[in-house]
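Notes for the one structure printed next.
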Amino acid sequence: MSFEKNILCIGAGYVGGPTMAMIAYKCPQYRVTVVDIDPERIAQWNSDDLPIYEPGLEEIVKAARGKNLFFSTEIEAGIRESEIIFVSVNTPTKTFGAGAGMAADLQYWDKTARQIRKYSKSNKIIVEKSTLPVKTAQAMERILTSADNGIRFDVLSNPEFLAEGTAIKDLQDPDRVLIGSTQTPNGLKARDVLVEIYSNWIRRERIITSNIWSSELSKLVANAFLAQRISSINSISALCEKADADVEEVARAVGMDSRVGNKFLNASVGFGGSCFKKDILNLVYLCRHYDLKEVADYWEGVVRINDYQKERFILNMLNIMFNTLANKRICLFGFAFKADTGDTRESPAIFVAKRLIEEKARVVITDPKALKNAMKDLESIAGEIAYVEDPYEASAGCSAIAVMTEWAIYADLDFKKIYRSMAKPAFIFDGRNILDHKKLFETGFNVFPIGKPGLTHF
Ligand code: NAD
Ligand code: UGA
């Protein structure tokens with residue numbers, strides 16, 4: 001069967017896999033291939049046990065796989081045969097050399113550009129899907145055109161705004177799709193090809209276009225604004241705890257102003273995920289690079305408050321549990337960085353587990369989807385850590401439960417049964433404010449939510 005377009009995606013991760021599955025599912029007339037250097041990941045994409053957990057993903061992968069959606073390690077063939085190449089390789093924070101701990105590590109990106117140049121035999125549109133510093137498209141274009149072999153490469157920026165846990169919904173019905181291009185005739189022509197792909201299922205007014213640098217920068221700024229809201233409400237949660245105010249009541253009152261809006265105002269133990277911290281630090285680095293010290297300091301504050309919130313959570317536990325956690329069993333309810341994902345990257349639970357071990361506590365971790373990743377995250381930590389899937393079994397004999405992830409199942413547990421099985425006095429630290437605090441208190445627990453006065457029997 002011949003297809004209208006051959007689309008390739010390099011990088012079969014949390015972004016590459018779901019985004020390409022959605023394009024293939026919505027556009028049977030295109031052939032979509034996703035390649036990766038990691039053969040194990042590709043084997044999982046081709047199996048019944050997909051490498052990532054995302055509600056609704058399995059259904060669309062199964063509907064398109066083998067028809068017009070293919071997962072492969074054949075990067076060379078993939079590049080040769082495609083007209084459009086999405087690049088969604090990882091762009092973590094650099095851990096070495098200049099900009100270590102701040103700048104984006106572009107080695108995977110650079111390597112991909114060189115592979116595309118090496119194996120291309122015909123003109124191609126290259127789409128930046130990964131989140132990148134401003135002006136990366138220019139660097140990519142320079143690498144691609146340096147071979148001087150007569151092949152045209154048009155580089156577009158098309159950042160991804162999906163959130164994990166709701167990726168399929170976000171891809172199916174996005175608030176917007178952003179496409180940045182150079183404003184040259186070739187750049188605009190390439191842009192229109194990508195607009196056409198998305199127009200298969202997304203209303204035209206939701207597909208916005210811009211110059212390429214605005215598009216690259218918008219992605220960093222969107223994540224910075226989202227994270228800033230969380231740090232703003234988390235900073236106020238600390239004040240609420242001192243001032244006997246209730247952060248949820250404050251958030252509701254503030255968020256009902258339509259200029260502010262009510263989303264993303266849930267106080268928590270801190271934000272996690274692979275991107276918020278990395279992208280803000282990337283923005284900070286960029287500002288410092290351009291000598292904008294005040295702007296850099298302003299955004300760095302968002303990360304500082306997040307670190308403060310996580311540390312505050314641990315210090316509260318320590319203080320409330322009579323200034324020692326040594327030998328106490330503490331159960332973490334949830335390890336994923338948010339609900340409905342098995343992803344644990346930058347999860348506040350990693351920080352909390354490590355700090356508890358430093359305090360010589362015995363840690364028990366339960367999570368419906370993230371235990372495998374939790375084990376990997378903590379494998380180098382010497383200390384007593386147990387991984388137990390069943391939350392009743394996990395919390396039995398523990399002195400405290402700390403809610404790390406807002407999994408809906410935790411709100412529906414039989415806490416009377418849990419209370420009976422725990423060491424006394426029993427504590428609950430609700431790092432997500434998802435439990436019924438009054439009811440827990442009446443059951444016998446000492447309850448400490450985020451940004452609200454604690455309910456204690458002492
Ligand atoms: P990921 O680590 O899950 O996936 C990246 C994949 O790229 C890995 O499987 C890796 O093996 C592969 N890879 C690296 N170098 C390669 C190469 N040279 N050739 C082929 N494959 C290669 O990362 P992710 O979470 O999918 O994120 C990818 C990008 O998308 C990042 O820039 C991130 O900031 C951005 N982003 C992520 C999310 C998210 O929710 N995770 C959302 C929006 C944007
Ligand atoms: C975030 C953005 O929401 C996406 O738009 C973006 O594409 C993505 O980053 C990315 O670039 O990787 P994600 O990290 O998957 O998506 O999940 P979010 O829903 O944004 O949650 C991030 C963290 O903030 C989680 O730990 C979550 O629990 C926490 N959070 C979120 C709060 O603590 N309070 C809130 O009110 C909202």
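Ordered as shown in the structure tokens, chains take letters A, B, and onward, while each chain numbers its residues from 1 and ligands are numbered from 1 in the order shown.
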
Residues up to 6 Å from ligand 2, counting only C-alpha atoms and all ligand atoms: could you list those as a tab-separated table (two decimals) with N, CA and C atoms, in the first residue's frame?
```tsv
chain	number	residue	atom	x	y	z
A	160	GLU	N	5.95	20.34	22.16
A	160	GLU	CA	4.82	19.52	22.63
A	160	GLU	C	4.36	20.01	24.00
A	161	PHE	N	3.04	20.16	24.15
A	161	PHE	CA	2.50	20.67	25.41
A	161	PHE	C	1.75	19.61	26.21
A	162	LEU	N	1.81	18.35	25.79
A	162	LEU	CA	1.04	17.32	26.51
A	162	LEU	C	1.55	17.19	27.94
A	163	ALA	N	0.66	16.81	28.85
A	163	ALA	CA	1.06	16.49	30.21
A	163	ALA	C	0.89	14.98	30.39
A	164	GLU	N	1.78	14.38	31.15
A	164	GLU	CA	1.67	12.94	31.37
A	164	GLU	C	0.42	12.65	32.20
A	223	ASN	N	6.09	26.30	30.37
A	223	ASN	CA	6.40	25.46	31.53
A	223	ASN	C	6.79	26.31	32.74
A	230	ILE	N	2.49	26.85	40.71
A	230	ILE	CA	2.58	25.87	41.80
A	230	ILE	C	3.47	26.41	42.91
A	264	PHE	N	-4.27	24.58	38.28
A	264	PHE	CA	-2.86	24.57	38.69
A	264	PHE	C	-2.61	25.38	39.97
A	265	LEU	N	-3.56	25.31	40.87
A	265	LEU	CA	-3.38	26.00	42.15
A	265	LEU	C	-3.48	25.01	43.31
A	266	ASN	N	-3.17	23.73	43.04
A	266	ASN	CA	-3.20	22.74	44.13
A	266	ASN	C	-1.85	22.73	44.84
A	267	ALA	N	-1.89	23.13	46.12
A	267	ALA	CA	-0.65	23.09	46.90
A	267	ALA	C	-0.23	21.63	47.03
A	268	SER	N	1.07	21.40	47.09
A	268	SER	CA	1.55	20.02	47.13
A	268	SER	C	2.90	19.96	47.81
A	270	GLY	N	5.40	19.52	46.34
A	270	GLY	CA	6.33	20.11	45.36
A	270	GLY	C	6.05	19.51	44.00
A	271	PHE	N	6.41	20.25	42.96
A	271	PHE	CA	6.19	19.69	41.62
A	271	PHE	C	7.36	18.78	41.25
A	272	GLY	N	7.05	17.77	40.43
A	272	GLY	CA	8.10	16.90	39.91
A	272	GLY	C	7.93	16.81	38.40
A	273	GLY	N	8.46	15.73	37.84
A	273	GLY	CA	8.37	15.55	36.39
A	273	GLY	C	9.68	15.91	35.74
A	275	CYS	N	10.37	17.74	33.31
A	275	CYS	CA	10.55	18.97	32.53
A	275	CYS	C	10.55	20.29	33.28
A	276	PHE	N	9.68	20.46	34.27
A	276	PHE	CA	9.55	21.80	34.87
A	276	PHE	C	10.91	22.34	35.33
A	337	PHE	N	5.46	10.93	39.88
A	337	PHE	CA	5.51	12.39	40.12
A	337	PHE	C	4.13	13.02	40.06
A	338	LYS	N	3.16	12.29	39.49
A	338	LYS	CA	1.76	12.72	39.52
A	338	LYS	C	0.92	11.47	39.29
```

Test item: residues at most 10 Å from Asn373 of chain A, only C-alpha atoms, excluding those fewer than 2 positions along its chain, as number ranges by chain: A: 335-336, 342-345, 369-371, 375-379

May I have the residues from that selection written out with C-alpha atoms, as an mmCIF file, in the first residue's frame?
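Full text of selection13.cif as output:
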```
data_model
loop_
_atom_site.group_PDB
_atom_site.id
_atom_site.type_symbol
_atom_site.label_atom_id
_atom_site.label_comp_id
_atom_site.auth_asym_id
_atom_site.auth_seq_id
_atom_site.Cartn_x
_atom_site.Cartn_y
_atom_site.Cartn_z
ATOM 1 C CA PHE A 335 5.962 7.359 44.071
ATOM 2 C CA ALA A 336 5.034 8.639 40.590
ATOM 3 C CA GLY A 342 4.333 5.334 36.113
ATOM 4 C CA ASP A 343 6.928 8.071 35.511
ATOM 5 C CA THR A 344 9.006 8.984 38.556
ATOM 6 C CA ARG A 345 11.456 11.442 37.007
ATOM 7 C CA LYS A 369 2.227 1.838 38.474
ATOM 8 C CA ALA A 370 5.599 3.193 39.523
ATOM 9 C CA LEU A 371 7.240 0.559 41.751
ATOM 10 C CA MET A 375 13.340 0.579 42.611
ATOM 11 C CA LYS A 376 15.645 1.943 39.906
ATOM 12 C CA ASP A 377 15.619 5.448 41.421
ATOM 13 C CA LEU A 378 16.615 4.186 44.854
ATOM 14 C CA GLU A 379 18.844 1.241 43.956
#
```

Quick one: contact table of chain A to ligand 1, 7 Å max, nearest atom pair and distance in Å to one decimal per residue, counting only C-alpha atoms and all ligand atoms, chain and number order, as a Markdown table?
```
| residue | atom | partner | partner_atom_place_in_ligand_line | distance |
| --- | --- | --- | --- | --- |
| A:Ile10 | CA | ligand 1 | 20 (C) | 5.0 |
| A:Gly11 | CA | ligand 1 | 7 (O) | 3.4 |
| A:Ala12 | CA | ligand 1 | 9 (O) | 4.7 |
| A:Gly13 | CA | ligand 1 | 4 (O) | 3.2 |
| A:Tyr14 | CA | ligand 1 | 26 (O) | 3.7 |
| A:Val15 | CA | ligand 1 | 26 (O) | 3.8 |
| A:Gly16 | CA | ligand 1 | 26 (O) | 5.7 |
| A:Val35 | CA | ligand 1 | 20 (C) | 6.0 |
| A:Asp36 | CA | ligand 1 | 21 (N) | 3.6 |
| A:Ile37 | CA | ligand 1 | 20 (C) | 4.4 |
| A:Asp38 | CA | ligand 1 | 11 (O) | 4.9 |
| A:Arg41 | CA | ligand 1 | 9 (O) | 6.6 |
| A:Ser88 | CA | ligand 1 | 28 (C) | 4.8 |
| A:Val89 | CA | ligand 1 | 7 (O) | 3.6 |
| A:Asn90 | CA | ligand 1 | 5 (C) | 4.2 |
| A:Thr91 | CA | ligand 1 | 32 (O) | 4.5 |
| A:Tyr108 | CA | ligand 1 | 15 (N) | 4.5 |
| A:Trp109 | CA | ligand 1 | 18 (N) | 6.8 |
| A:Lys111 | CA | ligand 1 | 18 (N) | 5.4 |
| A:Thr112 | CA | ligand 1 | 18 (N) | 4.6 |
| A:Lys129 | CA | ligand 1 | 30 (O) | 6.2 |
| A:Ser130 | CA | ligand 1 | 32 (O) | 3.5 |
| A:Thr131 | CA | ligand 1 | 32 (O) | 3.9 |
| A:Leu132 | CA | ligand 1 | 32 (O) | 6.3 |
| A:Pro159 | CA | ligand 1 | 44 (C) | 6.6 |
| A:Glu160 | CA | ligand 1 | 43 (C) | 4.5 |
| A:Phe161 | CA | ligand 1 | 43 (C) | 5.0 |
| A:Leu162 | CA | ligand 1 | 42 (C) | 5.3 |
| A:Ala163 | CA | ligand 1 | 40 (O) | 5.0 |
| A:Glu164 | CA | ligand 1 | 40 (O) | 5.0 |
| A:Ser274 | CA | ligand 1 | 41 (N) | 6.2 |
| A:Cys275 | CA | ligand 1 | 34 (O) | 5.3 |
```

All strand (DSSP E) residues (DSSP, backbone) inside segment 55-161 of chain A, as a PyMOL selection string: chain A and resi 69-72+84-87+124-128+153-157

Can those selected residues be exported to a file as a PDB file, in the first residue's frame so that it contains C-alpha atoms?
```pdb
ATOM      1  CA  LEU A  69       2.401   2.807  12.756  1.00  0.00           C
ATOM      2  CA  PHE A  70       5.750   1.058  13.129  1.00  0.00           C
ATOM      3  CA  PHE A  71       8.357   0.956  15.893  1.00  0.00           C
ATOM      4  CA  SER A  72      11.882   0.131  14.809  1.00  0.00           C
ATOM      5  CA  ILE A  84       9.229  14.594   7.488  1.00  0.00           C
ATOM      6  CA  ILE A  85      11.306  13.827  10.583  1.00  0.00           C
ATOM      7  CA  PHE A  86      10.154  14.690  14.085  1.00  0.00           C
ATOM      8  CA  VAL A  87      12.959  14.745  16.607  1.00  0.00           C
ATOM      9  CA  LYS A 124      13.368  16.796   4.306  1.00  0.00           C
ATOM     10  CA  ILE A 125      11.389  18.791   6.807  1.00  0.00           C
ATOM     11  CA  ILE A 126      12.869  18.467  10.289  1.00  0.00           C
ATOM     12  CA  VAL A 127      10.520  19.144  13.194  1.00  0.00           C
ATOM     13  CA  GLU A 128      11.864  20.004  16.639  1.00  0.00           C
ATOM     14  CA  PHE A 153      16.451  20.767   5.073  1.00  0.00           C
ATOM     15  CA  ASP A 154      13.724  23.017   6.462  1.00  0.00           C
ATOM     16  CA  VAL A 155      13.733  23.106  10.254  1.00  0.00           C
ATOM     17  CA  LEU A 156      10.474  23.810  12.107  1.00  0.00           C
ATOM     18  CA  SER A 157       9.776  24.200  15.806  1.00  0.00           C
TER      19      SER A 157
END
```

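Computed from the coordinates, the atom CA of Ala64 of chain A to atom CA of Asp48 of chain A distance equals 13.6 Å.
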
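Using only C-alpha atoms, the smallest distance between any of A:Asn158, A:Thr166, A:Asn306, A:Asn446 and Glu216 of chain A comes from A:Asn158.
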
Exercise: Val302 of chain A partners within 7 Å, only C-alpha atoms, chain neighbours under 6 positions left out, as a ChimeraX atom specification: /A:227-228,231

Test item: residues at most 8 Å from Gln29 of chain A, only C-alpha atoms, excluding those fewer than 6 positions along its chain, as an MDAnalysis selection string: chainID A and resid 3:5 68

Coordinates-based distance that separates atom CA of Leu413 of chain A from atom CA of Met321 of chain A (Å, one decimal): 23.6 Å

Selection near Ser237 of chain A, 7 Å with only C-alpha atoms, sequence-local residues under 3 positions removed, as a VMD selection string: chain A and resid 233 to 234 240 to 241 247 267 450 to 451

Which of segment 26-60 of chain A DSSP labels helix (DSSP H, G or I), written as a ChimeraX atom specification: /A:26,39-45,57-60

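You will find atom CA of Ile116 of chain A at 15.5 Å from atom CA of Thr136 of chain A.
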
Residues near Gly454 of chain A, cut-off 10 Å, only C-alpha atoms, skip fewer than 4 positions along chain, as number ranges by chain: A: 241, 244, 320, 428-429, 437, 441, 446-450

Go ahead and save the residues from that selection, with N, CA and C atoms, as a compact mmCIF listing (two decimals), in the first residue's frame.
```txt
# COMPACT_ATOMS: atom_id res chain seq x y z
N GLU A 241 -0.11 27.66 56.99
CA GLU A 241 0.12 26.80 58.16
C GLU A 241 0.43 27.62 59.40
N ASP A 244 -3.07 29.91 60.39
CA ASP A 244 -4.35 29.21 60.55
C ASP A 244 -5.32 29.46 59.42
N ILE A 320 7.12 16.98 63.94
CA ILE A 320 5.85 16.50 64.50
C ILE A 320 6.01 15.10 65.12
N ILE A 428 -0.64 10.91 59.55
CA ILE A 428 -0.77 11.00 58.09
C ILE A 428 -0.31 12.39 57.66
N PHE A 429 0.61 12.42 56.73
CA PHE A 429 1.05 13.68 56.13
C PHE A 429 0.54 13.67 54.70
N HIS A 437 -9.58 14.84 55.71
CA HIS A 437 -8.77 15.03 56.91
C HIS A 437 -9.57 14.91 58.20
N PHE A 441 -9.00 12.19 61.18
CA PHE A 441 -8.76 12.64 62.56
C PHE A 441 -9.72 11.91 63.51
N ASN A 446 -3.36 11.42 63.59
CA ASN A 446 -2.92 12.81 63.67
C ASN A 446 -2.65 13.21 62.23
N VAL A 447 -3.35 14.26 61.78
CA VAL A 447 -3.36 14.53 60.33
C VAL A 447 -2.69 15.87 60.03
N PHE A 448 -1.77 15.83 59.06
CA PHE A 448 -1.08 17.06 58.68
C PHE A 448 -1.15 17.26 57.17
N PRO A 449 -2.10 18.10 56.75
CA PRO A 449 -2.20 18.41 55.31
C PRO A 449 -1.17 19.47 54.93
N ILE A 450 -1.19 19.87 53.67
CA ILE A 450 -0.34 20.97 53.22
C ILE A 450 -1.17 22.26 53.31
```

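Among the candidate residues A:Leu356, A:Leu144, A:Leu194, A:Ala243, the one lying nearest to Leu315 of chain A is A:Leu356, with distances computed using only C-alpha atoms.
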
Who sits within 10 Å of Arg420 of chain A, only C-alpha atoms, same chain under 3 positions skipped, as number ranges by chain: A: 396-397, 415-417, 423-424, 426, 443-444

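Shortest separation to Asp436 of chain A among A:Ile280, A:Ala411, A:Met1, A:Ala77 occurs at residue A:Ala411, atoms counted being only C-alpha atoms.
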